[in-house]
$ cat input08.pdb   # PDB, C-alpha atoms, pLDDT in the B column
MODEL        1
ATOM      1  CA  ASP V 863      50.911 -67.262 -50.505  1.00 60.00           C
ATOM      2  CA  ALA V 864      51.306 -70.892 -49.543  1.00 70.00           C
ATOM      3  CA  GLY V 865      51.936 -71.394 -45.837  1.00 91.00           C
ATOM      4  CA  ILE V 866      55.573 -72.467 -45.794  1.00 95.00           C
ATOM      5  CA  THR V 867      57.969 -71.427 -43.070  1.00 96.00           C
ATOM      6  CA  GLN V 868      61.681 -72.190 -43.112  1.00 97.00           C
ATOM      7  CA  SER V 869      63.907 -71.878 -40.068  1.00 97.00           C
ATOM      8  CA  PRO V 870      66.464 -70.636 -39.486  1.00 97.00           C
ATOM      9  CA  ARG V 871      66.487 -68.104 -42.290  1.00 96.00           C
ATOM     10  CA  HIS V 872      70.182 -67.366 -41.842  1.00 97.00           C
ATOM     11  CA  LYS V 873      72.892 -69.407 -40.157  1.00 97.00           C
ATOM     12  CA  VAL V 874      76.666 -69.389 -39.949  1.00 98.00           C
ATOM     13  CA  THR V 875      78.235 -72.590 -38.698  1.00 97.00           C
ATOM     14  CA  GLU V 876      81.667 -74.155 -38.451  1.00 97.00           C
ATOM     15  CA  THR V 877      82.975 -77.003 -40.547  1.00 97.00           C
ATOM     16  CA  GLY V 878      82.224 -80.371 -38.985  1.00 97.00           C
ATOM     17  CA  THR V 879      79.211 -79.307 -36.950  1.00 97.00           C
ATOM     18  CA  PRO V 880      75.732 -80.754 -37.492  1.00 96.00           C
ATOM     19  CA  VAL V 881      73.046 -78.448 -38.829  1.00 97.00           C
ATOM     20  CA  THR V 882      69.292 -78.961 -39.098  1.00 98.00           C
ATOM     21  CA  LEU V 883      67.005 -76.877 -41.252  1.00 98.00           C
ATOM     22  CA  ARG V 884      63.281 -77.029 -40.683  1.00 98.00           C
ATOM     23  CA  CYS V 885      60.431 -76.646 -43.130  1.00 98.00           C
ATOM     24  CA  HIS V 886      56.918 -76.248 -41.777  1.00 98.00           C
ATOM     25  CA  GLN V 887      53.786 -76.145 -43.936  1.00 96.00           C
ATOM     26  CA  THR V 888      50.176 -75.375 -43.100  1.00 95.00           C
ATOM     27  CA  GLU V 889      48.715 -76.549 -46.427  1.00 90.00           C
ATOM     28  CA  ASN V 890      48.494 -80.278 -45.644  1.00 90.00           C
ATOM     29  CA  HIS V 891      50.286 -81.005 -48.947  1.00 90.00           C
ATOM     30  CA  ARG V 892      51.566 -84.503 -49.514  1.00 88.00           C
ATOM     31  CA  TYR V 893      54.875 -83.743 -51.202  1.00 90.00           C
ATOM     32  CA  MET V 894      57.749 -81.802 -49.705  1.00 93.00           C
ATOM     33  CA  TYR V 895      61.161 -81.086 -51.191  1.00 94.00           C
ATOM     34  CA  TRP V 896      64.507 -79.645 -50.272  1.00 96.00           C
ATOM     35  CA  TYR V 897      66.487 -77.866 -52.980  1.00 96.00           C
ATOM     36  CA  ARG V 898      69.757 -76.004 -52.907  1.00 97.00           C
ATOM     37  CA  GLN V 899      70.521 -73.072 -55.163  1.00 96.00           C
ATOM     38  CA  ASP V 900      74.051 -72.192 -56.201  1.00 94.00           C
ATOM     39  CA  PRO V 901      75.453 -69.810 -58.818  1.00 87.00           C
ATOM     40  CA  GLY V 902      76.106 -71.654 -62.053  1.00 83.00           C
ATOM     41  CA  HIS V 903      74.120 -74.700 -60.997  1.00 86.00           C
ATOM     42  CA  GLY V 904      70.629 -73.398 -60.518  1.00 86.00           C
ATOM     43  CA  LEU V 905      68.238 -75.289 -58.289  1.00 92.00           C
ATOM     44  CA  ARG V 906      69.085 -78.895 -57.513  1.00 93.00           C
ATOM     45  CA  LEU V 907      66.992 -81.400 -55.607  1.00 92.00           C
ATOM     46  CA  ILE V 908      68.526 -82.791 -52.406  1.00 96.00           C
ATOM     47  CA  HIS V 909      65.764 -84.985 -50.994  1.00 95.00           C
ATOM     48  CA  TYR V 910      62.026 -85.193 -51.228  1.00 93.00           C
ATOM     49  CA  SER V 911      59.142 -86.745 -49.332  1.00 93.00           C
ATOM     50  CA  TYR V 912      55.930 -88.249 -50.653  1.00 89.00           C
ATOM     51  CA  GLY V 913      54.328 -88.840 -47.269  1.00 90.00           C
ATOM     52  CA  VAL V 914      55.011 -89.223 -43.574  1.00 94.00           C
ATOM     53  CA  LYS V 915      58.185 -91.299 -43.150  1.00 93.00           C
ATOM     54  CA  ASP V 916      58.414 -91.710 -46.940  1.00 93.00           C
ATOM     55  CA  THR V 917      61.474 -90.020 -48.367  1.00 94.00           C
ATOM     56  CA  ASP V 918      63.846 -90.462 -51.263  1.00 91.00           C
ATOM     57  CA  LYS V 919      67.107 -89.065 -52.567  1.00 92.00           C
ATOM     58  CA  GLY V 920      67.473 -86.380 -55.166  1.00 90.00           C
ATOM     59  CA  GLU V 921      70.300 -85.320 -57.422  1.00 88.00           C
ATOM     60  CA  VAL V 922      72.686 -84.059 -54.710  1.00 94.00           C
ATOM     61  CA  SER V 923      71.870 -86.054 -51.578  1.00 95.00           C
ATOM     62  CA  ASP V 924      75.398 -86.919 -50.391  1.00 96.00           C
ATOM     63  CA  GLY V 925      76.085 -85.419 -46.970  1.00 96.00           C
ATOM     64  CA  TYR V 926      72.407 -84.757 -46.259  1.00 98.00           C
ATOM     65  CA  SER V 927      69.656 -86.668 -44.489  1.00 97.00           C
ATOM     66  CA  VAL V 928      65.986 -85.887 -44.027  1.00 98.00           C
ATOM     67  CA  SER V 929      63.105 -86.871 -41.804  1.00 97.00           C
ATOM     68  CA  ARG V 930      59.373 -86.396 -41.929  1.00 97.00           C
ATOM     69  CA  SER V 931      57.543 -87.536 -38.805  1.00 96.00           C
ATOM     70  CA  LYS V 932      54.501 -85.335 -39.403  1.00 96.00           C
ATOM     71  CA  THR V 933      52.770 -84.124 -42.549  1.00 95.00           C
ATOM     72  CA  GLU V 934      53.626 -80.521 -41.778  1.00 96.00           C
ATOM     73  CA  ASP V 935      57.332 -80.820 -40.997  1.00 97.00           C
ATOM     74  CA  PHE V 936      60.288 -81.802 -43.178  1.00 98.00           C
ATOM     75  CA  LEU V 937      63.754 -81.593 -41.656  1.00 98.00           C
ATOM     76  CA  LEU V 938      67.035 -81.413 -43.542  1.00 98.00           C
ATOM     77  CA  THR V 939      70.161 -82.365 -41.607  1.00 98.00           C
ATOM     78  CA  LEU V 940      73.769 -81.813 -42.543  1.00 97.00           C
ATOM     79  CA  GLU V 941      75.488 -84.430 -40.388  1.00 93.00           C
ATOM     80  CA  SER V 942      78.904 -82.759 -40.575  1.00 96.00           C
ATOM     81  CA  ALA V 943      78.816 -79.476 -42.438  1.00 97.00           C
ATOM     82  CA  THR V 944      81.432 -78.743 -45.107  1.00 97.00           C
ATOM     83  CA  SER V 945      82.263 -75.537 -46.939  1.00 97.00           C
ATOM     84  CA  SER V 946      80.772 -77.009 -50.138  1.00 96.00           C
ATOM     85  CA  GLN V 947      77.411 -77.000 -48.390  1.00 98.00           C
ATOM     86  CA  THR V 948      77.408 -73.224 -48.156  1.00 97.00           C
ATOM     87  CA  SER V 949      74.315 -72.430 -50.150  1.00 97.00           C
ATOM     88  CA  VAL V 950      70.742 -71.211 -50.127  1.00 97.00           C
ATOM     89  CA  TYR V 951      68.317 -73.960 -49.221  1.00 98.00           C
ATOM     90  CA  PHE V 952      64.720 -73.884 -50.352  1.00 97.00           C
ATOM     91  CA  CYS V 953      61.878 -75.976 -49.115  1.00 96.00           C
ATOM     92  CA  ALA V 954      58.968 -76.591 -51.467  1.00 93.00           C
ATOM     93  CA  ILE V 955      55.583 -78.288 -51.281  1.00 91.00           C
ATOM     94  CA  SER V 956      53.057 -79.604 -53.742  1.00 86.00           C
ATOM     95  CA  GLY V 957      49.757 -81.388 -53.686  1.00 79.00           C
ATOM     96  CA  ASP V 958      48.702 -84.519 -55.482  1.00 70.00           C
ATOM     97  CA  ARG V 959      50.061 -84.467 -59.030  1.00 61.00           C
ATOM     98  CA  ASP V 960      46.685 -85.470 -60.455  1.00 57.00           C
ATOM     99  CA  ILE V 961      45.278 -82.035 -59.615  1.00 55.00           C
ATOM    100  CA  GLY V 962      47.962 -79.968 -61.231  1.00 59.00           C
ATOM    101  CA  ASN V 963      50.918 -80.327 -58.953  1.00 67.00           C
ATOM    102  CA  THR V 964      51.782 -76.631 -58.722  1.00 77.00           C
ATOM    103  CA  ILE V 965      54.820 -76.337 -56.516  1.00 84.00           C
ATOM    104  CA  TYR V 966      55.233 -73.605 -53.903  1.00 88.00           C
ATOM    105  CA  PHE V 967      58.510 -72.467 -52.402  1.00 91.00           C
ATOM    106  CA  GLY V 968      59.543 -71.124 -49.044  1.00 94.00           C
ATOM    107  CA  GLU V 969      61.630 -67.982 -48.606  1.00 93.00           C
ATOM    108  CA  GLY V 970      64.927 -69.842 -48.286  1.00 95.00           C
ATOM    109  CA  SER V 971      67.557 -70.498 -45.648  1.00 97.00           C
ATOM    110  CA  TRP V 972      70.997 -68.966 -46.152  1.00 97.00           C
ATOM    111  CA  LEU V 973      73.680 -71.263 -44.746  1.00 98.00           C
ATOM    112  CA  THR V 974      77.349 -70.339 -44.516  1.00 97.00           C
ATOM    113  CA  VAL V 975      79.865 -72.970 -43.412  1.00 97.00           C
ATOM    114  CA  VAL V 976      83.196 -71.459 -42.321  1.00 96.00           C
TER     115      VAL V 976
ATOM    116  CA  LYS M 432      68.268 -87.281 -67.451  1.00 80.00           C
ATOM    117  CA  GLN M 433      66.104 -84.287 -68.282  1.00 87.00           C
ATOM    118  CA  GLU M 434      68.153 -81.221 -69.178  1.00 91.00           C
ATOM    119  CA  VAL M 435      66.517 -77.800 -69.130  1.00 95.00           C
ATOM    120  CA  THR M 436      68.130 -74.825 -70.849  1.00 96.00           C
ATOM    121  CA  GLN M 437      67.105 -71.190 -70.749  1.00 97.00           C
ATOM    122  CA  ILE M 438      68.165 -68.605 -73.276  1.00 93.00           C
ATOM    123  CA  PRO M 439      69.192 -65.851 -72.914  1.00 92.00           C
ATOM    124  CA  ALA M 440      70.913 -65.943 -69.534  1.00 94.00           C
ATOM    125  CA  ALA M 441      70.391 -62.204 -69.158  1.00 96.00           C
ATOM    126  CA  LEU M 442      68.268 -59.630 -70.909  1.00 95.00           C
ATOM    127  CA  SER M 443      67.924 -55.854 -70.616  1.00 97.00           C
ATOM    128  CA  VAL M 444      65.033 -54.038 -72.275  1.00 96.00           C
ATOM    129  CA  PRO M 445      63.476 -50.579 -72.047  1.00 97.00           C
ATOM    130  CA  GLU M 446      60.120 -50.227 -70.369  1.00 97.00           C
ATOM    131  CA  GLY M 447      57.130 -50.932 -72.607  1.00 97.00           C
ATOM    132  CA  GLU M 448      58.742 -53.548 -74.797  1.00 97.00           C
ATOM    133  CA  ASN M 449      57.210 -56.954 -75.386  1.00 97.00           C
ATOM    134  CA  LEU M 450      59.677 -59.743 -74.769  1.00 95.00           C
ATOM    135  CA  VAL M 451      60.073 -63.495 -75.028  1.00 96.00           C
ATOM    136  CA  LEU M 452      62.009 -65.805 -72.738  1.00 97.00           C
ATOM    137  CA  ASN M 453      62.914 -69.246 -74.003  1.00 97.00           C
ATOM    138  CA  CYS M 454      63.103 -72.633 -72.322  1.00 98.00           C
ATOM    139  CA  SER M 455      64.075 -75.924 -73.955  1.00 98.00           C
ATOM    140  CA  PHE M 456      64.093 -79.435 -72.546  1.00 96.00           C
ATOM    141  CA  THR M 457      65.581 -82.659 -73.824  1.00 95.00           C
ATOM    142  CA  ASP M 458      62.908 -85.237 -72.968  1.00 90.00           C
ATOM    143  CA  SER M 459      59.441 -84.511 -74.340  1.00 90.00           C
ATOM    144  CA  ALA M 460      57.765 -87.005 -71.964  1.00 88.00           C
ATOM    145  CA  ILE M 461      56.714 -84.432 -69.391  1.00 89.00           C
ATOM    146  CA  TYR M 462      53.773 -84.048 -67.032  1.00 85.00           C
ATOM    147  CA  ASN M 463      53.850 -80.287 -66.905  1.00 88.00           C
ATOM    148  CA  LEU M 464      56.064 -77.221 -67.142  1.00 93.00           C
ATOM    149  CA  GLN M 465      56.097 -74.329 -64.742  1.00 93.00           C
ATOM    150  CA  TRP M 466      57.446 -70.791 -64.962  1.00 96.00           C
ATOM    151  CA  PHE M 467      58.658 -69.051 -61.817  1.00 96.00           C
ATOM    152  CA  ARG M 468      59.822 -65.600 -60.878  1.00 96.00           C
ATOM    153  CA  GLN M 469      62.578 -65.034 -58.314  1.00 95.00           C
ATOM    154  CA  ASP M 470      63.432 -61.646 -56.851  1.00 94.00           C
ATOM    155  CA  PRO M 471      66.896 -61.133 -55.311  1.00 90.00           C
ATOM    156  CA  GLY M 472      67.170 -62.727 -51.891  1.00 86.00           C
ATOM    157  CA  LYS M 473      63.710 -64.226 -52.142  1.00 88.00           C
ATOM    158  CA  GLY M 474      62.044 -67.533 -52.851  1.00 88.00           C
ATOM    159  CA  LEU M 475      60.362 -68.574 -56.061  1.00 92.00           C
ATOM    160  CA  THR M 476      56.893 -67.452 -57.033  1.00 91.00           C
ATOM    161  CA  SER M 477      54.912 -69.610 -59.432  1.00 90.00           C
ATOM    162  CA  LEU M 478      53.704 -67.651 -62.466  1.00 95.00           C
ATOM    163  CA  LEU M 479      52.160 -70.196 -64.808  1.00 94.00           C
ATOM    164  CA  LEU M 480      51.726 -73.964 -64.910  1.00 91.00           C
ATOM    165  CA  ILE M 481      51.100 -75.693 -68.252  1.00 92.00           C
ATOM    166  CA  GLN M 482      49.927 -79.282 -68.235  1.00 88.00           C
ATOM    167  CA  SER M 483      51.347 -81.587 -70.903  1.00 89.00           C
ATOM    168  CA  SER M 484      47.977 -81.649 -72.683  1.00 90.00           C
ATOM    169  CA  GLN M 485      47.823 -77.840 -72.925  1.00 93.00           C
ATOM    170  CA  ARG M 486      49.383 -75.520 -75.486  1.00 95.00           C
ATOM    171  CA  GLU M 487      49.381 -72.291 -73.494  1.00 96.00           C
ATOM    172  CA  GLN M 488      48.381 -70.511 -70.340  1.00 95.00           C
ATOM    173  CA  THR M 489      47.759 -66.830 -69.732  1.00 97.00           C
ATOM    174  CA  SER M 490      47.814 -64.657 -66.649  1.00 95.00           C
ATOM    175  CA  GLY M 491      47.521 -60.924 -67.096  1.00 96.00           C
ATOM    176  CA  ARG M 492      50.426 -59.702 -69.217  1.00 97.00           C
ATOM    177  CA  LEU M 493      52.061 -63.126 -69.181  1.00 97.00           C
ATOM    178  CA  ASN M 494      51.526 -65.872 -71.706  1.00 98.00           C
ATOM    179  CA  ALA M 495      53.338 -69.181 -71.660  1.00 97.00           C
ATOM    180  CA  SER M 496      53.295 -71.660 -74.514  1.00 97.00           C
ATOM    181  CA  LEU M 497      54.335 -75.287 -74.665  1.00 97.00           C
ATOM    182  CA  ASP M 498      55.416 -77.366 -77.646  1.00 96.00           C
ATOM    183  CA  LYS M 499      56.206 -80.801 -76.263  1.00 93.00           C
ATOM    184  CA  SER M 500      57.211 -82.326 -79.563  1.00 92.00           C
ATOM    185  CA  SER M 501      59.987 -79.800 -80.070  1.00 95.00           C
ATOM    186  CA  GLY M 502      60.868 -79.580 -76.396  1.00 96.00           C
ATOM    187  CA  ARG M 503      60.246 -75.872 -76.112  1.00 97.00           C
ATOM    188  CA  SER M 504      58.351 -73.379 -74.018  1.00 98.00           C
ATOM    189  CA  THR M 505      58.243 -69.610 -74.231  1.00 97.00           C
ATOM    190  CA  LEU M 506      57.194 -66.993 -71.716  1.00 97.00           C
ATOM    191  CA  TYR M 507      55.849 -63.856 -73.351  1.00 97.00           C
ATOM    192  CA  ILE M 508      55.709 -60.673 -71.295  1.00 97.00           C
ATOM    193  CA  ALA M 509      53.671 -57.865 -72.789  1.00 98.00           C
ATOM    194  CA  ALA M 510      54.330 -54.184 -72.160  1.00 97.00           C
ATOM    195  CA  SER M 511      57.207 -54.784 -69.760  1.00 97.00           C
ATOM    196  CA  GLN M 512      57.537 -52.673 -66.604  1.00 97.00           C
ATOM    197  CA  PRO M 513      60.468 -52.020 -64.240  1.00 97.00           C
ATOM    198  CA  GLY M 514      58.649 -54.146 -61.654  1.00 97.00           C
ATOM    199  CA  ASP M 515      59.066 -57.142 -63.968  1.00 97.00           C
ATOM    200  CA  SER M 516      62.813 -57.075 -63.293  1.00 98.00           C
ATOM    201  CA  ALA M 517      63.688 -60.436 -61.745  1.00 97.00           C
ATOM    202  CA  THR M 518      65.057 -63.836 -62.625  1.00 97.00           C
ATOM    203  CA  TYR M 519      62.651 -66.095 -64.488  1.00 98.00           C
ATOM    204  CA  LEU M 520      63.004 -69.831 -64.091  1.00 97.00           C
ATOM    205  CA  CYS M 521      61.548 -72.628 -66.144  1.00 96.00           C
ATOM    206  CA  ALA M 522      60.999 -76.041 -64.540  1.00 94.00           C
ATOM    207  CA  VAL M 523      59.873 -79.340 -66.003  1.00 93.00           C
ATOM    208  CA  ASN M 524      58.075 -82.130 -64.196  1.00 87.00           C
ATOM    209  CA  SER M 525      59.054 -85.327 -65.962  1.00 81.00           C
ATOM    210  CA  GLY M 526      57.389 -87.579 -63.449  1.00 71.00           C
ATOM    211  CA  SER M 527      60.663 -89.035 -62.256  1.00 51.00           C
ATOM    212  CA  GLY M 528      60.780 -88.784 -58.486  1.00 49.00           C
ATOM    213  CA  TYR M 529      57.964 -86.244 -58.493  1.00 62.00           C
ATOM    214  CA  ALA M 530      60.502 -83.434 -58.576  1.00 74.00           C
ATOM    215  CA  LEU M 531      61.179 -80.584 -60.962  1.00 86.00           C
ATOM    216  CA  ASN M 532      64.176 -80.089 -63.205  1.00 89.00           C
ATOM    217  CA  PHE M 533      65.085 -76.419 -63.361  1.00 93.00           C
ATOM    218  CA  GLY M 534      66.808 -74.290 -65.931  1.00 95.00           C
ATOM    219  CA  LYS M 535      69.397 -71.800 -64.688  1.00 94.00           C
ATOM    220  CA  GLY M 536      67.127 -68.880 -65.352  1.00 96.00           C
ATOM    221  CA  THR M 537      66.995 -65.664 -67.355  1.00 97.00           C
ATOM    222  CA  SER M 538      67.869 -62.493 -65.467  1.00 96.00           C
ATOM    223  CA  LEU M 539      65.611 -59.715 -66.752  1.00 97.00           C
ATOM    224  CA  LEU M 540      66.196 -56.003 -66.274  1.00 97.00           C
ATOM    225  CA  VAL M 541      63.544 -53.564 -67.452  1.00 97.00           C
ATOM    226  CA  THR M 542      64.851 -50.007 -67.487  1.00 97.00           C
ATOM    227  CA  PRO M 543      62.608 -46.944 -67.093  1.00 95.00           C
TER     228      PRO M 543
ENDMDL
END

$ encode --input "input08.pdb" --output "C-alpha cells"
Amino acid sequence: DAGITQSPRHKVTETGTPVTLRCHQTENHRYMYWYRQDPGHGLRLIHYSYGVKDTDKGEVSDGYSVSRSKTEDFLLTLESATSSQTSVYFCAISGDRDIGNTIYFGEGSWLTVV
Amino acid sequence: KQEVTQIPAALSVPEGENLVLNCSFTDSAIYNLQWFRQDPGKGLTSLLLIQSSQREQTSGRLNASLDKSSGRSTLYIAASQPGDSATYLCAVNSGSGYALNFGKGTSLLVTP
C-alpha cells in the first residue's frame, strides 16, 4: 500500500468554523490531490498540487483552499465550513505521468458540518 | 469536459459467474484509464491501469480492455467470489490538470 495518511479520519464541526485536513505521504510523489465523494456525484476534484507551492483548482474548489509547503504534506482548508461541505474527503498521490501515473488514495476523512 | 459513465449502477450475481462492467467516456483523447475497487467506508484501491496505447491489461481474474476510438472500457471478472463484492470505479486521465475524471461506479454484490 502507498504510504498516505489522512488526518483527522473523522470530524464533526459547526457551521462557520475553519477546518483543516492533512494529507501526508511517504512516497515522494510529485502530484497530490484532494477529492470529495458524495452520493450521486461520485468523486470530484477540489484542488491538486504539481509540486511544492504549486497548486491549482479543480472542479469544486469554491470554499476550499490548499497549501503545500513540503513535498510530503498537502493541506486542505475549509475557511468557514458549511453544511454542503459535509462529505468524505480523499487525498491521492501520483508520480510523474510519463511513468504510468497510477494514482493511489488515502483512507478518507469523514467530515460532518452541523 | 470529459464525462465518464458506468453501466450498470448496480449488479447482483451468484458466485462463480463471469461478469462484465462497462465504462464509457466522451473524449477519446486520453492518457490512460484506471479501474478502482472501493469497499464500504474505505478508500480506493487501484486494480488496473491501461495506457492509451494499450488494448488490455490483466491481473489474476481481472481483465480490462480499452477501445479509445469508441470511448469504451470493460472490466471482466472471471469466476466471481463473494469477496469481489464492492463498488468498482472507472477513471479517465485526459491530461487536463493532471487529474482523473471518475464515473459514479458499479456496485457489485456476489452472493454465495

$ resolve_selection --input "input08.pdb" --expression "the PyMOL selection byres ((chain M and resi 463-475) around 7)" --output "tab-separated table (two decimals) with C-alpha atoms, in the coordinates of the input"
chain	number	residue	atom	x	y	z
V	967	PHE	CA	58.51	-72.47	-52.40
V	968	GLY	CA	59.54	-71.12	-49.04
V	969	GLU	CA	61.63	-67.98	-48.61
V	970	GLY	CA	64.93	-69.84	-48.29
M	461	ILE	CA	56.71	-84.43	-69.39
M	462	TYR	CA	53.77	-84.05	-67.03
M	476	THR	CA	56.89	-67.45	-57.03
M	477	SER	CA	54.91	-69.61	-59.43
M	478	LEU	CA	53.70	-67.65	-62.47
M	479	LEU	CA	52.16	-70.20	-64.81
M	480	LEU	CA	51.73	-73.96	-64.91
M	481	ILE	CA	51.10	-75.69	-68.25
M	482	GLN	CA	49.93	-79.28	-68.24
M	483	SER	CA	51.35	-81.59	-70.90
M	517	ALA	CA	63.69	-60.44	-61.74
M	518	THR	CA	65.06	-63.84	-62.62
M	519	TYR	CA	62.65	-66.10	-64.49
M	520	LEU	CA	63.00	-69.83	-64.09
M	521	CYS	CA	61.55	-72.63	-66.14
M	522	ALA	CA	61.00	-76.04	-64.54
M	523	VAL	CA	59.87	-79.34	-66.00
M	524	ASN	CA	58.08	-82.13	-64.20

$ resolve_selection --input "input08.pdb" --expression "the PyMOL selection byres ((chain V and resi 887) around 8)" --output "list in words"
Gly865, Ile866, Thr867, Cys885, His886, Thr888, Glu889, Asn890, His891, Glu934, Asp935 and Ile955 of chain V

$ closest_residue --input "input08.pdb" --among "V:Thr882, V:Thr875, V:Ser949, V:Ser869" --to "V:Leu937" --atoms "all atoms listed in the file"
V:Thr882

$ residues_around --input "input08.pdb" --residues "stretch 437-453 of chain M" --least-positions-apart "3" --cutoff "12 Å" --atoms "all atoms listed in the file" --output "ChimeraX atom specification"
/V:902,904 /M:434,456-457,466-467,492-498,502-523,533-543

$ residues_around --input "input08.pdb" --residues "stretch 916-918 of chain V" --least-positions-apart "2" --cutoff "10 Å" --atoms "all atoms listed in the file" --output "NGL selection string"
(:V and (893-895 or 908-914 or 920 or 923 or 927-931 or 936)) or (:M and (528))

$ atom_distance --input "input08.pdb" --atom1 "atom CA of V:Glu876" --atom2 "atom CA of V:Gln899"
20.1 Å

$ atom_distance --input "input08.pdb" --atom1 "atom CA of V:Glu941" --atom2 "atom CA of V:His903"
22.8 Å

$ resolve_selection --input "input08.pdb" --expression "the PyMOL selection byres ((chain V and resi 943) around 8)" --output "NGL selection string"
:V and (875-881 or 925 or 940-942 or 944-945 or 947 or 975)

$ closest_residue --input "input08.pdb" --among "M:Ala530, M:Cys454, M:Thr489, M:Ser484" --to "V:Thr964" --atoms "only C-alpha atoms"
M:Ala530

$ atom_distance --input "input08.pdb" --atom1 "atom CA of V:Ile965" --atom2 "atom CA of V:Cys953"
10.2 Å

$ closest_residue --input "input08.pdb" --among "V:Val922, V:Thr948, V:Lys932, V:Ser956" --to "V:Tyr897" --atoms "all atoms listed in the file"
V:Val922

$ closest_residue --input "input08.pdb" --among "M:Leu531, M:Ser455, M:Arg486, M:Ser525" --to "chain V" --atoms "only C-alpha atoms"
M:Leu531

$ closest_residue --input "input08.pdb" --among "V:Ala864, V:Leu907, V:Arg892, V:Trp972" --to "V:Asp924" --atoms "only C-alpha atoms"
V:Leu907

$ closest_residue --input "input08.pdb" --among "V:Lys915, V:Tyr951, V:Val976, V:Asp958" --to "V:Pro870" --atoms "only C-alpha atoms"
V:Tyr951

$ axis_aligned_box --input "input08.pdb" --around "stretch 938-942 of chain V" --padding-each-side "6 Å" --output "JSON"
{"center_x": 73.0, "center_y": -82.9, "center_z": -42.0, "size_x": 23.9, "size_y": 15.0, "size_z": 15.2}

$ decode --input "input08.pdb" --residues "stretch 923-937 of chain V" --atoms "N, CA, C and O atoms" --output "CSV table (one decimal), in the first residue's frame"
chain,number,residue,atom,x,y,z
V,923,SER,N,-13.8,23.8,-6.3
V,923,SER,CA,-12.8,24.5,-5.4
V,923,SER,C,-13.4,25.6,-4.6
V,923,SER,O,-12.8,26.0,-3.6
V,924,ASP,N,-14.6,26.1,-4.9
V,924,ASP,CA,-15.2,27.2,-4.1
V,924,ASP,C,-15.3,26.8,-2.6
V,924,ASP,O,-15.9,25.8,-2.3
V,925,GLY,N,-14.8,27.7,-1.7
V,925,GLY,CA,-14.9,27.4,-0.3
V,925,GLY,C,-13.8,26.6,0.3
V,925,GLY,O,-13.8,26.4,1.5
V,926,TYR,N,-12.8,26.3,-0.6
V,926,TYR,CA,-11.7,25.5,-0.2
V,926,TYR,C,-10.4,26.2,-0.6
V,926,TYR,O,-10.3,26.8,-1.6
V,927,SER,N,-9.4,26.0,0.3
V,927,SER,CA,-8.0,26.5,-0.1
V,927,SER,C,-7.0,25.3,0.3
V,927,SER,O,-7.4,24.5,1.1
V,928,VAL,N,-5.9,25.4,-0.4
V,928,VAL,CA,-4.9,24.3,-0.1
V,928,VAL,C,-3.5,25.0,0.0
V,928,VAL,O,-3.3,26.1,-0.4
V,929,SER,N,-2.6,24.2,0.6
V,929,SER,CA,-1.2,24.6,0.7
V,929,SER,C,-0.3,23.4,0.7
V,929,SER,O,-0.7,22.3,1.2
V,930,ARG,N,0.8,23.6,0.1
V,930,ARG,CA,1.8,22.5,0.1
V,930,ARG,C,3.2,23.2,0.2
V,930,ARG,O,3.8,23.7,-0.7
V,931,SER,N,3.7,23.1,1.5
V,931,SER,CA,5.0,23.7,1.8
V,931,SER,C,6.1,22.7,1.8
V,931,SER,O,7.3,23.1,1.7
V,932,LYS,N,5.7,21.4,1.8
V,932,LYS,CA,6.7,20.4,1.7
V,932,LYS,C,6.2,19.3,0.8
V,932,LYS,O,5.0,19.2,0.6
V,933,THR,N,7.1,18.5,0.2
V,933,THR,CA,6.6,17.5,-0.8
V,933,THR,C,5.6,16.6,-0.1
V,933,THR,O,4.7,16.1,-0.8
V,934,GLU,N,5.9,16.2,1.1
V,934,GLU,CA,5.1,15.2,1.8
V,934,GLU,C,3.7,15.6,2.3
V,934,GLU,O,2.9,14.8,2.7
V,935,ASP,N,3.5,16.9,2.4
V,935,ASP,CA,2.2,17.3,3.1
V,935,ASP,C,1.4,18.2,2.2
V,935,ASP,O,1.9,19.2,1.5
V,936,PHE,N,0.1,17.9,2.1
V,936,PHE,CA,-0.9,18.7,1.4
V,936,PHE,C,-2.1,19.0,2.2
V,936,PHE,O,-2.7,18.0,2.7
V,937,LEU,N,-2.3,20.2,2.6
V,937,LEU,CA,-3.4,20.6,3.5
V,937,LEU,C,-4.6,21.2,2.7
V,937,LEU,O,-4.4,22.0,1.8
